Amino acid sequence: MELKKKEWEQSYKRGENFIFYPKEEVVKFINRFIKKKVSFDRYIQLLQSDKKLKGLDFGCGIGRSTILLHEFDIDGYGIDISRNAIENAKIFAKSFNFNLDNFFQVYNGNEILFDNEYFDFVISDCVLDSMPFELAKKLVKNIENITKKYFFLSLISTESKPLFKLINSDINEIEVNEEHEKGTIQSFFNKQKIEKLIENTHFKIKWLELHNVYGNDNCEYGRWYIVLEK
């Protein structure tokens with residue numbers, strides 16, 4: 001169940017997956033379930049807590065979603081397996097006048113090291129589909145332990161398989177041969193596989209959307225956006 005740490009370091013060194021703007025679906029998740037922005041400087045907190053909300057951005061990359069949480073006045077933490085990504089995240093945060101050095105850390109690749117229910121919610125966008133499925137199942141169980149309420153995640157769908165070379169149609173997991181993210185793992189999901197991903201947890205599906213996009217090359221790209229509730 002290799003995480004391909006070397007390959008991810010090389011990917012971020014090449015500047016791949018530098019996300020400079022918040023993902024629309026992440027913003028919608030926060031506004032629908034966590035904290036709604038209702039004016040220039042006012043929010044309504046939807047997820048009730050007697051303390052300041054804490055959220056984890058698992059697989060944070062250069063930290064745009066982590067920074068977004070701080071824009072909502074939420075204590076956002078970001079972890080990633082790539083040291084290159086984390087160092088860039090710290091620099092990126094400073095461009096928004098946030099010093100988040102203590103909120104970013106390199107993930108050890110084995111276990112998410114926070115106390116039980118330390119976070120009110122967890123975000124993991126385009127991450128759990130970039131590893132072997134059995135490892136993703138283990139991490140979902142780990143995420144269940146460290147979160148109190150919600151888990152937002154996105155997963156590439158099986159509709160996207162034709163975009164990749166040398167696909168074995170009998171399996172939904174490959175090692176990427178394309179230059180982008182070369183050598184990493186790509187795991188494809190349908191609804192049944194999503195259900196299998198969470199079958200040994202207390203998570204239930206609260207929100208599930210499949211977004212499909214059709215390109216000029218007649219290829220279809222799909223991604224699931226999911227909110228799980230404990």
# chains A, B, ... in the order shown; residues from 1 in each chain; ligands from 1
$ residues_around --residues "Leu210 (chain A)" --least-positions-apart "2" --cutoff "7 Å" --atoms "only C-alpha atoms" --output "PyMOL selection string"
chain A and resi 208+212+222-225
$ residues_around --residues "Glu229 (chain A)" --least-positions-apart "6" --cutoff "7 Å" --atoms "only C-alpha atoms" --output "NGL selection string"
:A and (149-151 or 203-206)
$ write_last_selection --atoms "C-alpha atoms" --output "PDB file, in the first residue's frame"
ATOM      1  CA  LYS A 149     -19.175  15.576  12.479  1.00  0.00           C
ATOM      2  CA  TYR A 150     -18.505  15.995   8.747  1.00  0.00           C
ATOM      3  CA  PHE A 151     -16.078  14.692   6.148  1.00  0.00           C
ATOM      4  CA  PHE A 203     -20.067   7.615   8.370  1.00  0.00           C
ATOM      5  CA  LYS A 204     -23.298   7.962   6.409  1.00  0.00           C
ATOM      6  CA  ILE A 205     -23.670   9.707   3.046  1.00  0.00           C
ATOM      7  CA  LYS A 206     -25.402  13.060   3.579  1.00  0.00           C
TER       8      LYS A 206
END
$ residues_around --residues "Leu113 (chain A)" --least-positions-apart "4" --cutoff "9 Å" --atoms "only C-alpha atoms" --output "list in words"
Tyr107, Asn108 and Ile146 of chain A
$ write_last_selection --atoms "C-alpha atoms" --output "PDB file, in the first residue's frame"
ATOM      1  CA  TYR A 107       2.083  13.806   6.931  1.00  0.00           C
ATOM      2  CA  ASN A 108       4.063  10.660   7.816  1.00  0.00           C
ATOM      3  CA  ILE A 146     -10.338  12.437  14.486  1.00  0.00           C
TER       4      ILE A 146
END
$ atom_distance --atom1 "CA of Lys54 (chain A)" --atom2 "CA of Thr147 (chain A)"
9.5 Å
$ closest_residue --among "A:Ile67, A:Ile198, A:Val140, A:Ile112" --to "Ile91 (chain A)" --atoms "only C-alpha atoms"
A:Ile67
$ select_by_dssp --residues "region 87-217 of chain A" --states "helix (DSSP H, G or I)" --output "ChimeraX atom specification"
/A:87-94,101-103,133-146,158-163,191-197
$ select_by_dssp --residues "region 43-221 of chain A" --states "strand (DSSP E)" --output "ChimeraX atom specification"
/A:43-45,54-58,75-80,104-106,119-125,147-156,173-175,185-187,204-214,220-221
$ write_last_selection --atoms "N, CA and C atoms" --output "short mmCIF file (atom, residue, chain, number, x, y, z; two decimals), in the first residue's frame"
data_model
loop_
_atom_site.label_atom_id
_atom_site.label_comp_id
_atom_site.auth_asym_id
_atom_site.auth_seq_id
_atom_site.Cartn_x
_atom_site.Cartn_y
_atom_site.Cartn_z
N TYR A 43 -20.73 36.27 9.47
CA TYR A 43 -20.96 34.86 9.19
C TYR A 43 -22.03 34.32 10.15
N ILE A 44 -22.73 33.30 9.71
CA ILE A 44 -23.60 32.53 10.59
C ILE A 44 -22.99 31.15 10.73
N GLN A 45 -22.69 30.75 11.96
CA GLN A 45 -22.09 29.44 12.20
C GLN A 45 -23.18 28.37 12.18
N LYS A 54 -12.53 23.93 14.32
CA LYS A 54 -11.26 23.43 13.79
C LYS A 54 -11.55 22.48 12.63
N GLY A 55 -10.83 22.67 11.55
CA GLY A 55 -10.98 21.80 10.39
C GLY A 55 -9.63 21.33 9.89
N LEU A 56 -9.59 20.13 9.34
CA LEU A 56 -8.37 19.57 8.75
C LEU A 56 -8.51 19.48 7.25
N ASP A 57 -7.49 19.96 6.54
CA ASP A 57 -7.38 19.82 5.09
C ASP A 57 -6.37 18.70 4.84
N PHE A 58 -6.87 17.48 4.63
CA PHE A 58 -6.00 16.31 4.48
C PHE A 58 -5.58 16.18 3.02
N ASP A 75 -10.01 27.65 12.50
CA ASP A 75 -8.64 27.16 12.65
C ASP A 75 -8.44 25.97 11.71
N GLY A 76 -7.86 26.25 10.56
CA GLY A 76 -7.63 25.22 9.55
C GLY A 76 -6.21 24.68 9.62
N TYR A 77 -6.10 23.36 9.64
CA TYR A 77 -4.81 22.69 9.64
C TYR A 77 -4.66 21.96 8.30
N GLY A 78 -3.44 21.98 7.76
CA GLY A 78 -3.18 21.30 6.51
C GLY A 78 -2.03 20.32 6.63
N ILE A 79 -2.24 19.09 6.16
CA ILE A 79 -1.16 18.10 6.15
C ILE A 79 -1.05 17.49 4.76
N ASP A 80 0.17 17.17 4.38
CA ASP A 80 0.42 16.59 3.06
C ASP A 80 1.68 15.73 3.13
N PHE A 104 0.54 23.97 9.37
CA PHE A 104 0.91 23.05 8.29
C PHE A 104 1.94 22.05 8.79
N GLN A 105 1.80 20.80 8.39
CA GLN A 105 2.81 19.81 8.74
C GLN A 105 2.87 18.70 7.69
N VAL A 106 4.03 18.07 7.61
CA VAL A 106 4.23 16.94 6.69
C VAL A 106 3.59 15.69 7.30
N PHE A 119 -10.98 17.47 15.39
CA PHE A 119 -11.52 18.39 14.39
C PHE A 119 -13.04 18.30 14.34
N ASP A 120 -13.66 19.44 14.07
CA ASP A 120 -15.11 19.45 13.86
C ASP A 120 -15.45 18.85 12.50
N PHE A 121 -14.55 19.00 11.54
CA PHE A 121 -14.79 18.45 10.19
C PHE A 121 -13.45 18.28 9.49
N VAL A 122 -13.47 17.50 8.43
CA VAL A 122 -12.27 17.24 7.62
C VAL A 122 -12.63 17.43 6.15
N ILE A 123 -11.70 17.99 5.40
CA ILE A 123 -11.80 18.15 3.94
C ILE A 123 -10.69 17.34 3.30
N SER A 124 -11.01 16.62 2.24
CA SER A 124 -9.98 15.90 1.49
C SER A 124 -10.38 15.88 0.02
N ASP A 125 -9.89 16.87 -0.72
CA ASP A 125 -10.28 17.06 -2.12
C ASP A 125 -9.23 16.47 -3.05
N THR A 147 -12.51 13.20 13.61
CA THR A 147 -13.50 14.22 13.33
C THR A 147 -14.78 14.01 14.13
N LYS A 148 -15.42 15.12 14.48
CA LYS A 148 -16.65 15.06 15.25
C LYS A 148 -17.89 14.87 14.38
N LYS A 149 -17.90 15.49 13.19
CA LYS A 149 -19.17 15.58 12.48
C LYS A 149 -19.11 15.25 10.99
N TYR A 150 -18.42 16.10 10.20
CA TYR A 150 -18.50 16.00 8.75
C TYR A 150 -17.15 15.67 8.12
N PHE A 151 -17.25 14.97 6.97
CA PHE A 151 -16.08 14.69 6.15
C PHE A 151 -16.46 14.96 4.71
N PHE A 152 -15.84 16.00 4.12
CA PHE A 152 -16.04 16.31 2.70
C PHE A 152 -14.90 15.71 1.90
N LEU A 153 -15.23 14.99 0.83
CA LEU A 153 -14.19 14.42 -0.02
C LEU A 153 -14.64 14.43 -1.47
N SER A 154 -13.69 14.37 -2.36
CA SER A 154 -14.01 14.21 -3.78
C SER A 154 -13.16 13.07 -4.34
N LEU A 155 -13.75 12.35 -5.31
CA LEU A 155 -13.12 11.16 -5.87
C LEU A 155 -13.36 11.13 -7.38
N ILE A 156 -12.34 10.79 -8.14
CA ILE A 156 -12.49 10.67 -9.58
C ILE A 156 -13.39 9.47 -9.91
N GLU A 173 -7.92 0.67 -10.73
CA GLU A 173 -6.76 1.28 -10.06
C GLU A 173 -5.55 1.09 -10.97
N ILE A 174 -4.81 2.19 -11.20
CA ILE A 174 -3.66 2.11 -12.11
C ILE A 174 -2.50 2.92 -11.55
N GLU A 175 -1.32 2.70 -12.11
CA GLU A 175 -0.20 3.60 -11.92
C GLU A 175 -0.16 4.53 -13.12
N ILE A 185 -0.51 6.70 -8.04
CA ILE A 185 -1.64 5.79 -8.18
C ILE A 185 -2.92 6.57 -8.45
N GLN A 186 -3.74 6.05 -9.36
CA GLN A 186 -5.06 6.63 -9.61
C GLN A 186 -6.10 5.53 -9.42
N SER A 187 -7.03 5.79 -8.51
CA SER A 187 -8.11 4.84 -8.21
C SER A 187 -9.44 5.45 -8.64
N LYS A 204 -22.18 8.14 7.31
CA LYS A 204 -23.30 7.96 6.41
C LYS A 204 -23.23 9.05 5.34
N ILE A 205 -23.69 8.73 4.14
CA ILE A 205 -23.67 9.71 3.05
C ILE A 205 -24.80 10.71 3.27
N LYS A 206 -24.42 11.98 3.42
CA LYS A 206 -25.40 13.06 3.58
C LYS A 206 -25.63 13.79 2.27
N TRP A 207 -24.60 13.86 1.44
CA TRP A 207 -24.67 14.61 0.18
C TRP A 207 -23.78 13.90 -0.82
N LEU A 208 -24.30 13.69 -2.02
CA LEU A 208 -23.54 12.98 -3.05
C LEU A 208 -23.89 13.55 -4.42
N GLU A 209 -22.88 14.05 -5.13
CA GLU A 209 -23.08 14.59 -6.46
C GLU A 209 -22.01 14.03 -7.40
N LEU A 210 -22.40 13.74 -8.63
CA LEU A 210 -21.45 13.36 -9.68
C LEU A 210 -21.45 14.45 -10.73
N HIS A 211 -20.29 15.09 -10.92
CA HIS A 211 -20.14 16.13 -11.93
C HIS A 211 -19.39 15.56 -13.13
N ASN A 212 -20.02 15.58 -14.29
CA ASN A 212 -19.39 15.09 -15.51
C ASN A 212 -19.11 16.25 -16.46
N VAL A 213 -17.94 16.23 -17.07
CA VAL A 213 -17.54 17.25 -18.03
C VAL A 213 -17.14 16.55 -19.32
N TYR A 214 -17.55 17.10 -20.46
CA TYR A 214 -17.21 16.53 -21.76
C TYR A 214 -16.28 17.48 -22.48
N GLU A 220 -14.90 11.98 -21.56
CA GLU A 220 -15.71 12.36 -20.42
C GLU A 220 -14.86 12.32 -19.15
N TYR A 221 -14.99 13.36 -18.34
CA TYR A 221 -14.30 13.41 -17.06
C TYR A 221 -15.34 13.57 -15.97
#
$ residues_around --residues "Pro132 (chain A)" --least-positions-apart "4" --cutoff "12 Å" --atoms "only C-alpha atoms" --output "list in words"
Met1, Glu2, Leu3, Lys4, Val127, Leu128, Ala136, Lys137, Lys138, Leu139, Ile171, Asn172, Glu173, Ile174, Glu175, Thr184, Ile185, Gln186, Ser187, Phe188, Phe189 and Leu197 of chain A
$ atom_distance --atom1 "CA of Lys141 (chain A)" --atom2 "CA of Glu199 (chain A)"
9.6 Å
$ atom_distance --atom1 "CA of Ile34 (chain A)" --atom2 "CA of Leu69 (chain A)"
10.1 Å
$ closest_residue --among "A:Glu144, A:Asp50, A:Asp101, A:Glu159" --to "Thr66 (chain A)" --atoms "only C-alpha atoms"
A:Asp101
